[in-house]
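Here is data.cif, consisting of mmCIF, C-alpha atoms:
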```cif
data_run
loop_
_atom_site.label_atom_id
_atom_site.label_comp_id
_atom_site.auth_asym_id
_atom_site.auth_seq_id
_atom_site.Cartn_x
_atom_site.Cartn_y
_atom_site.Cartn_z
CA MET A 75 104.15 133.83 106.79
CA MET A 76 102.82 130.85 108.77
CA PHE A 77 100.29 132.73 110.91
CA GLN A 78 97.61 135.39 110.79
CA LYS A 79 96.70 137.88 113.49
CA LEU A 80 93.02 137.38 114.24
CA PRO A 81 90.70 139.40 116.48
CA THR A 82 89.97 137.70 119.78
CA LEU A 83 88.87 138.52 123.31
CA ARG A 84 91.46 138.07 126.03
CA VAL A 85 90.03 137.44 129.48
CA ILE A 86 92.18 138.04 132.56
CA ASP A 87 90.18 137.62 135.76
CA ASP A 88 87.09 139.76 135.10
CA THR A 89 88.71 142.02 132.51
CA VAL A 90 87.99 141.47 128.80
CA THR A 91 90.21 143.10 126.17
CA GLY A 92 89.97 142.99 122.38
CA ILE A 93 93.32 142.05 120.84
CA LEU A 94 94.86 140.71 117.67
CA HIS A 95 96.41 137.31 118.40
CA PRO A 96 98.68 135.28 116.09
CA VAL A 97 97.01 132.04 114.95
CA ILE A 98 98.92 129.39 113.00
CA GLU A 99 97.76 128.82 109.42
CA GLU A 100 96.25 125.52 108.31
CA VAL A 101 95.41 124.99 104.64
CA PRO A 102 94.26 122.03 102.53
CA ILE A 103 96.90 121.04 99.97
CA ALA A 104 95.76 118.78 97.13
CA VAL A 105 98.44 116.52 95.64
CA LEU A 106 98.00 115.11 92.14
CA VAL A 107 100.34 112.46 90.75
CA ASN A 108 100.14 111.96 86.98
CA GLY A 109 96.77 113.72 86.97
CA ARG A 110 95.30 111.59 89.76
CA HIS A 111 94.28 113.19 93.04
CA ILE A 112 96.03 111.01 95.64
CA LEU A 113 96.19 113.18 98.73
CA THR A 114 94.67 116.10 100.57
CA ALA A 115 96.95 117.24 103.38
CA MET A 116 95.96 119.74 106.04
CA THR A 117 99.27 121.47 106.57
CA SER A 118 101.22 124.70 106.89
CA PRO A 119 101.65 126.55 103.56
CA VAL A 120 105.47 126.41 103.49
CA MET A 121 108.15 124.16 101.93
CA LEU A 122 105.50 122.50 99.76
CA ARG A 123 108.01 121.10 97.28
CA GLU A 124 110.01 119.45 100.07
CA PHE A 125 106.80 118.19 101.65
CA VAL A 126 105.55 116.43 98.54
CA ILE A 127 108.96 114.89 97.78
CA GLY A 128 109.29 113.58 101.33
CA TYR A 129 105.72 112.30 101.41
CA LEU A 130 105.98 110.44 98.10
CA TYR A 131 109.27 108.91 99.22
CA THR A 132 108.17 107.81 102.68
CA GLU A 133 104.94 106.40 101.25
CA ARG A 134 107.09 104.47 98.72
CA ILE A 135 105.26 106.05 95.79
CA ILE A 136 108.70 106.98 94.47
CA SER A 137 111.95 105.19 95.22
CA SER A 138 114.27 108.12 94.53
CA LEU A 139 114.26 111.76 93.49
CA GLU A 140 115.03 110.64 89.94
CA ASP A 141 111.53 109.13 89.65
CA ILE A 142 110.06 112.65 89.50
CA GLU A 143 109.76 114.32 86.11
CA SER A 144 108.33 117.63 87.36
CA ILE A 145 106.59 119.33 90.29
CA ARG A 146 104.21 122.26 89.74
CA ILE A 147 102.84 124.23 92.71
CA GLU A 148 99.77 126.40 92.15
CA ASP A 149 98.24 127.99 95.25
CA THR A 150 96.93 124.97 97.20
CA LYS A 151 97.51 122.35 94.53
CA ILE A 152 100.68 120.39 93.79
CA SER A 153 100.92 118.47 90.53
CA VAL A 154 103.63 115.82 90.18
CA LEU A 155 104.59 114.00 87.00
CA THR A 156 106.67 110.85 87.28
CA LYS A 157 108.91 109.24 84.68
CA ASN A 158 107.03 105.94 84.89
CA PRO A 159 103.37 106.95 85.31
CA PHE A 160 101.94 103.47 84.77
CA GLU A 161 103.98 102.09 87.67
CA ILE A 162 102.49 104.55 90.18
CA LEU A 163 99.51 102.88 91.81
CA VAL A 164 98.23 104.70 94.90
CA SER A 165 94.95 105.30 96.68
CA LYS A 166 93.42 108.67 97.49
CA LYS A 167 93.98 109.80 101.09
CA THR A 168 93.27 112.68 103.40
CA VAL A 169 96.02 113.44 105.90
CA LEU A 170 94.82 115.49 108.86
CA SER A 171 97.16 117.94 110.52
CA GLY A 172 96.88 116.43 113.99
CA CYS A 173 97.22 112.74 113.29
CA GLY A 174 99.47 110.23 111.67
CA GLY A 175 98.52 106.93 110.17
CA THR A 176 98.70 108.00 106.54
CA SER A 177 99.16 104.36 105.61
CA SER A 178 96.02 102.27 105.49
CA PHE A 179 97.86 99.27 106.95
CA LEU A 180 101.21 99.09 108.66
CA ASP A 181 103.06 95.83 108.02
CA SER A 182 106.21 96.18 110.09
CA THR A 183 107.68 92.96 108.69
CA HIS A 184 108.26 94.74 105.36
CA LEU A 185 110.09 97.71 106.83
CA PRO A 186 113.85 98.02 106.26
CA HIS A 187 116.26 97.81 109.20
CA ALA A 188 117.93 100.99 110.36
CA PRO A 189 121.50 101.41 109.05
CA GLN A 190 124.39 100.44 111.34
CA GLY A 191 127.58 102.28 112.25
CA PHE A 192 126.08 105.58 113.41
CA VAL A 193 126.90 106.40 117.05
CA LEU A 194 126.16 109.50 119.13
CA SER A 195 126.83 110.69 122.66
CA PRO A 196 123.90 111.58 124.94
CA GLY A 197 125.21 115.14 125.09
CA ILE A 198 124.88 115.67 121.34
CA ILE A 199 121.28 114.45 121.41
CA GLN A 200 120.37 116.61 124.42
CA ALA A 201 121.97 119.69 122.88
CA ALA A 202 120.20 119.08 119.55
CA VAL A 203 116.80 118.75 121.20
CA LYS A 204 117.36 121.93 123.20
CA ALA A 205 118.57 123.90 120.16
CA GLY A 206 116.10 122.47 117.68
CA LEU A 207 113.02 123.06 119.78
CA THR A 208 113.76 126.74 120.39
CA SER A 209 111.22 128.44 118.14
CA ASP A 210 110.04 132.04 118.07
CA LEU A 211 106.99 130.92 116.06
CA HIS A 212 106.03 128.37 118.72
CA ILE A 213 106.46 130.96 121.47
CA GLU A 214 104.28 133.43 119.57
CA THR A 215 101.51 131.07 118.42
CA GLY A 216 101.79 127.95 120.62
CA GLY A 217 100.47 125.98 117.64
CA ILE A 218 103.26 124.15 115.82
CA HIS A 219 105.40 121.04 115.92
CA ILE A 220 109.12 121.07 115.21
CA VAL A 221 111.28 118.45 113.52
CA GLY A 222 115.02 118.89 113.23
CA LEU A 223 117.45 116.95 111.05
CA PHE A 224 120.99 116.92 112.48
CA ASN A 225 124.36 115.49 111.44
CA LYS A 226 126.65 113.36 113.59
CA GLU A 227 128.46 116.44 114.93
CA GLY A 228 125.16 117.76 116.25
CA ALA A 229 124.87 120.57 113.70
CA ALA A 230 121.41 121.34 112.37
CA ILE A 231 120.89 120.43 108.72
CA ARG A 232 117.32 121.69 108.65
CA ILE A 233 114.73 122.73 111.25
CA VAL A 234 111.13 122.43 110.05
CA GLU A 235 107.99 123.86 111.65
CA ASP A 236 104.50 122.64 110.81
CA ILE A 237 101.11 122.12 112.42
CA GLY A 238 101.70 118.36 112.09
CA ARG A 239 104.88 116.54 113.09
CA HIS A 240 104.46 113.93 110.32
CA ASN A 241 104.26 116.69 107.71
CA ALA A 242 107.32 118.32 109.23
CA LEU A 243 109.27 115.06 109.03
CA ASP A 244 108.30 114.62 105.37
CA ARG A 245 109.58 118.15 104.68
CA ALA A 246 112.90 117.44 106.39
CA ILE A 247 113.32 114.20 104.43
CA GLY A 248 112.36 115.90 101.18
CA PHE A 249 114.88 118.67 101.82
CA ALA A 250 117.61 116.09 102.45
CA LEU A 251 116.80 114.15 99.27
CA GLU A 252 117.04 117.29 97.14
CA ALA A 253 120.28 118.32 98.85
CA GLY A 254 121.85 114.89 98.32
CA ILE A 255 122.35 114.31 102.05
CA ASP A 256 123.14 110.79 103.25
CA LEU A 257 120.31 110.22 105.72
CA SER A 258 122.08 107.23 107.27
CA GLU A 259 124.49 109.78 108.79
CA THR A 260 121.75 111.90 110.38
CA PHE A 261 119.34 111.83 113.29
CA VAL A 262 115.93 113.39 113.89
CA ILE A 263 114.62 115.33 116.88
CA CYS A 264 110.98 116.27 117.32
CA SER A 265 108.74 118.18 119.67
CA GLY A 266 105.82 115.77 119.80
CA ARG A 267 105.01 112.15 120.45
CA ILE A 268 106.94 109.54 118.45
CA SER A 269 104.20 107.49 116.81
CA SER A 270 104.45 104.34 114.72
CA GLU A 271 104.14 106.56 111.65
CA MET A 272 107.14 108.65 112.68
CA ALA A 273 109.17 105.47 113.24
CA ARG A 274 108.05 104.08 109.88
CA LYS A 275 109.05 107.22 107.99
CA CYS A 276 112.50 107.25 109.63
CA LEU A 277 113.09 103.60 108.71
CA ILE A 278 112.07 104.07 105.07
CA ALA A 279 114.28 107.16 104.82
CA GLY A 280 117.21 105.31 106.43
CA ILE A 281 117.47 107.56 109.49
CA PRO A 282 118.94 105.51 112.38
CA ILE A 283 117.99 107.63 115.42
CA VAL A 284 114.85 109.56 116.38
CA ALA A 285 114.58 111.47 119.66
CA SER A 286 111.81 113.55 121.19
CA ARG A 287 111.21 115.81 124.13
CA GLY A 288 107.90 113.97 124.47
CA ALA A 289 106.58 110.44 124.77
CA THR A 290 106.30 107.52 122.38
CA THR A 291 103.81 104.71 121.77
CA THR A 292 104.02 100.96 122.29
CA LEU A 293 103.70 100.27 118.56
CA ALA A 294 106.49 102.72 117.74
CA VAL A 295 108.74 100.94 120.27
CA ALA A 296 107.82 97.51 118.88
CA ILE A 297 108.63 98.63 115.32
CA ALA A 298 111.87 100.27 116.45
CA LYS A 299 113.01 97.11 118.25
CA GLN A 300 112.16 94.90 115.30
CA ALA A 301 114.01 97.13 112.82
CA ASN A 302 116.79 98.22 115.21
CA LEU A 303 115.85 101.90 115.11
CA THR A 304 117.18 103.90 118.05
CA LEU A 305 114.12 105.48 119.66
CA ILE A 306 114.54 107.99 122.50
CA GLY A 307 111.88 109.87 124.44
CA PHE A 308 111.65 112.44 127.23
CA VAL A 309 114.92 114.17 126.31
CA ARG A 310 115.01 116.88 128.93
CA SER A 311 118.04 118.51 130.58
CA ASN A 312 120.43 115.62 131.33
CA LYS A 313 117.80 112.87 131.10
CA MET A 314 116.41 110.64 128.36
CA ASN A 315 114.62 107.31 127.95
CA ILE A 316 116.19 104.93 125.40
CA TYR A 317 113.54 102.44 124.30
CA SER A 318 115.52 100.64 121.59
CA GLY A 319 118.87 100.67 119.79
CA ALA A 320 120.92 101.68 122.85
CA GLU A 321 124.12 100.47 121.16
CA ARG A 322 124.14 103.69 119.10
CA ILE A 323 124.38 105.83 122.26
CA THR A 324 127.86 105.99 123.76
CA GLY A 325 128.73 106.02 127.44
CA THR A 326 125.42 104.65 128.70
CA VAL A 327 125.87 102.37 131.71
CA MET A 328 123.12 100.11 133.02
CA VAL A 329 122.59 100.38 136.78
CA PRO A 330 120.91 97.37 138.48
CA GLU A 331 117.51 98.19 139.95
#
```
File written out as structure tokens:
Amino acid sequence: MMFQKLPTLRVIDDTVTGILHPVIEEVPIAVLVNGRHILTAMTSPVMLREFVIGYLYTERIISSLEDIESIRIEDTKISVLTKNPFEILVSKKTVLSGCGGTSSFLDSTHLPHAPQGFVLSPGIIQAAVKAGLTSDLHIETGGIHIVGLFNKEGAAIRIVEDIGRHNALDRAIGFALEAGIDLSETFVICSGRISSEMARKCLIAGIPIVASRGATTTLAVAIAKQANLTLIGFVRSNKMNIYSGAERITGTVMVPE
């Protein structure tokens, strides 16, 4: 369960009614790596194993799933043991549910380039955004973000819901790593703004395309252009804005202004 029904007062015009309203859960999750507390994440209490795998991978604390010896989840604490504990050097962080920027400094010159050879039609992207962002939980609570991982045929590999879109992306990546999915043959859709942190995580994971129903930021576009990530915003109905990597989208024709 990702929500609780809490007592509240609903006001319609001058009428006040006491009701129980579903409110999305937010919990602090402490992450320990080799006994060291490295992270406190404010997140939804689901898919915690996938979350920690994806987070450690996109933060480059581990380079593959094989680096992990064990993961133990106890209530709101996750303890990870790695096979090479003396090579894991990380700082303690707090990741808030509503923000990105989990990295203390973003050096885009050290980010990998997005893999080549993956091409999609606009229709597949539009259909994926429409299908992926249909959520009963969002309709009921109005308090979550959605990230969907899709294959080149436009079939959903995993849809993840969380109070934070960065946490949701880590979960999707963690799920794919455990399932042995080739992320270079996938694309990501999301409900919220594409930030520099979202672009960074996709590049580290080797995901070539990220698309959102919402907006993006200038830094995310700059990073995407530098690393040849296809970044698409405002995917709605038959429209979309391609900010970078347009060569991966088939059938797009430039019309002179």
Residues in the PyMOL selection byres ((chain A and resi 288) around 12), expressed as a compact mmCIF listing (two decimals) with C-alpha atoms, keeping the file's coordinate frame:
```
# COMPACT_ATOMS: atom_id res chain seq x y z
CA VAL A 203 116.80 118.75 121.20
CA LEU A 207 113.02 123.06 119.78
CA HIS A 219 105.40 121.04 115.92
CA ILE A 220 109.12 121.07 115.21
CA ILE A 263 114.62 115.33 116.88
CA CYS A 264 110.98 116.27 117.32
CA SER A 265 108.74 118.18 119.67
CA GLY A 266 105.82 115.77 119.80
CA ARG A 267 105.01 112.15 120.45
CA ILE A 268 106.94 109.54 118.45
CA SER A 269 104.20 107.49 116.81
CA VAL A 284 114.85 109.56 116.38
CA ALA A 285 114.58 111.47 119.66
CA SER A 286 111.81 113.55 121.19
CA ARG A 287 111.21 115.81 124.13
CA ALA A 289 106.58 110.44 124.77
CA THR A 290 106.30 107.52 122.38
CA THR A 291 103.81 104.71 121.77
CA LEU A 305 114.12 105.48 119.66
CA ILE A 306 114.54 107.99 122.50
CA GLY A 307 111.88 109.87 124.44
CA PHE A 308 111.65 112.44 127.23
CA VAL A 309 114.92 114.17 126.31
CA ARG A 310 115.01 116.88 128.93
CA LYS A 313 117.80 112.87 131.10
CA MET A 314 116.41 110.64 128.36
CA ASN A 315 114.62 107.31 127.95
```
Could I get the residues of range 243-263 of chain A with an atom no further than 12 Å from an atom of range 272-278 of chain A, each paired with its nearest atom pair and that distance in Å to one decimal, using only C-alpha atoms, sorted by chain and residue number, as a tab-separated table?
```
residue	atom	partner	partner_atom	distance
A:Leu243	CA	A:Met272	CA	7.7
A:Asp244	CA	A:Lys275	CA	7.9
A:Arg245	CA	A:Lys275	CA	11.4
A:Ala246	CA	A:Cys276	CA	10.7
A:Ile247	CA	A:Cys276	CA	8.7
A:Gly248	CA	A:Lys275	CA	11.5
A:Leu257	CA	A:Cys276	CA	9.2
A:Ser258	CA	A:Leu277	CA	9.8
A:Thr260	CA	A:Cys276	CA	10.4
A:Phe261	CA	A:Cys276	CA	9.0
A:Val262	CA	A:Cys276	CA	8.2
A:Ile263	CA	A:Met272	CA	10.9
```
What does the distance between CA of Leu293 in chain A and CA of His184 in chain A come to in Å, to one decimal place? 15.0 Å
Taking into account only C-alpha atoms, which residue in the set A:Ile283, A:Leu194, A:Leu211, A:Ala294 is nearest to Thr326 in chain A?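 Using only C-alpha atoms, Thr326 in chain A sits closest to A:Leu194.
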Translate the PyMOL selection byres ((chain A and resi 225) around 12) into a concrete residue list for this structure, as an mmCIF file with C-alpha atoms, in the coordinates of the input.
```cif
data_model
loop_
_atom_site.group_PDB
_atom_site.id
_atom_site.type_symbol
_atom_site.label_atom_id
_atom_site.label_comp_id
_atom_site.auth_asym_id
_atom_site.auth_seq_id
_atom_site.Cartn_x
_atom_site.Cartn_y
_atom_site.Cartn_z
ATOM 1 C CA PHE A 192 126.080 105.580 113.410
ATOM 2 C CA VAL A 193 126.900 106.400 117.050
ATOM 3 C CA LEU A 194 126.160 109.500 119.130
ATOM 4 C CA ILE A 198 124.880 115.670 121.340
ATOM 5 C CA ILE A 199 121.280 114.450 121.410
ATOM 6 C CA ALA A 202 120.200 119.080 119.550
ATOM 7 C CA GLY A 222 115.020 118.890 113.230
ATOM 8 C CA LEU A 223 117.450 116.950 111.050
ATOM 9 C CA PHE A 224 120.990 116.920 112.480
ATOM 10 C CA LYS A 226 126.650 113.360 113.590
ATOM 11 C CA GLU A 227 128.460 116.440 114.930
ATOM 12 C CA GLY A 228 125.160 117.760 116.250
ATOM 13 C CA ALA A 229 124.870 120.570 113.700
ATOM 14 C CA ALA A 230 121.410 121.340 112.370
ATOM 15 C CA ILE A 231 120.890 120.430 108.720
ATOM 16 C CA ARG A 232 117.320 121.690 108.650
ATOM 17 C CA ALA A 250 117.610 116.090 102.450
ATOM 18 C CA ILE A 255 122.350 114.310 102.050
ATOM 19 C CA ASP A 256 123.140 110.790 103.250
ATOM 20 C CA LEU A 257 120.310 110.220 105.720
ATOM 21 C CA SER A 258 122.080 107.230 107.270
ATOM 22 C CA GLU A 259 124.490 109.780 108.790
ATOM 23 C CA THR A 260 121.750 111.900 110.380
ATOM 24 C CA PHE A 261 119.340 111.830 113.290
ATOM 25 C CA VAL A 262 115.930 113.390 113.890
ATOM 26 C CA ILE A 263 114.620 115.330 116.880
ATOM 27 C CA ILE A 281 117.470 107.560 109.490
ATOM 28 C CA PRO A 282 118.940 105.510 112.380
ATOM 29 C CA ILE A 283 117.990 107.630 115.420
#
```
Pick out the residues sitting within 8 Å of Thr150 in chain A, and hand them over as a ChimeraX atom specification; count only C-alpha atoms, and ignore anything fewer than 5 positions along from it in its own chain. /A:101-104
Please determine, counting all atoms listed in the file, which residue among A:Tyr131, A:Lys79, A:Asn108, A:Met121 has the shortest atom-to-atom distance to Glu143 in chain A.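 Closest candidate: A:Asn108.
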For the file shown, report as a list in words the outcome of the PyMOL selection byres ((chain A and resi 133) around 9) at residue level. Gly128, Tyr129, Leu130, Tyr131, Thr132, Arg134, Ile135, Ile136, Thr176, Ser177, Lys275 and Ile278 of chain A
CA of Pro159 in chain A to CA of His187 in chain A, distance in Å rounded to a single decimal: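 Separating CA of Pro159 in chain A from CA of His187 in chain A is a distance of 28.6 Å.
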Pairwise distance, CA of Glu99 in chain A with CA of Pro81 in chain A, equals 14.5 Å
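Closest approach to Ile237 in chain A from the set A:Val105, A:Ile98, A:Leu80, A:Ile93 is made by A:Ile98, with distances taken over only C-alpha atoms.
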Here is a test: counting only C-alpha atoms, which residue of A:Ser318, A:Asn241, A:Thr208, A:Asn312 is nearest to Pro196 in chain A? A:Asn312
Residues within 7 Å of Ile142 in chain A, please, as a VMD selection string. Count all atoms listed in the file; anything in the same chain fewer than 6 positions from it doesn't count. chain A and resid 155 to 157
Which one of A:Val234, A:Leu251, A:Val295, A:Val97 sits closest to Ser270 in chain A if you count all atoms listed in the file? A:Val295
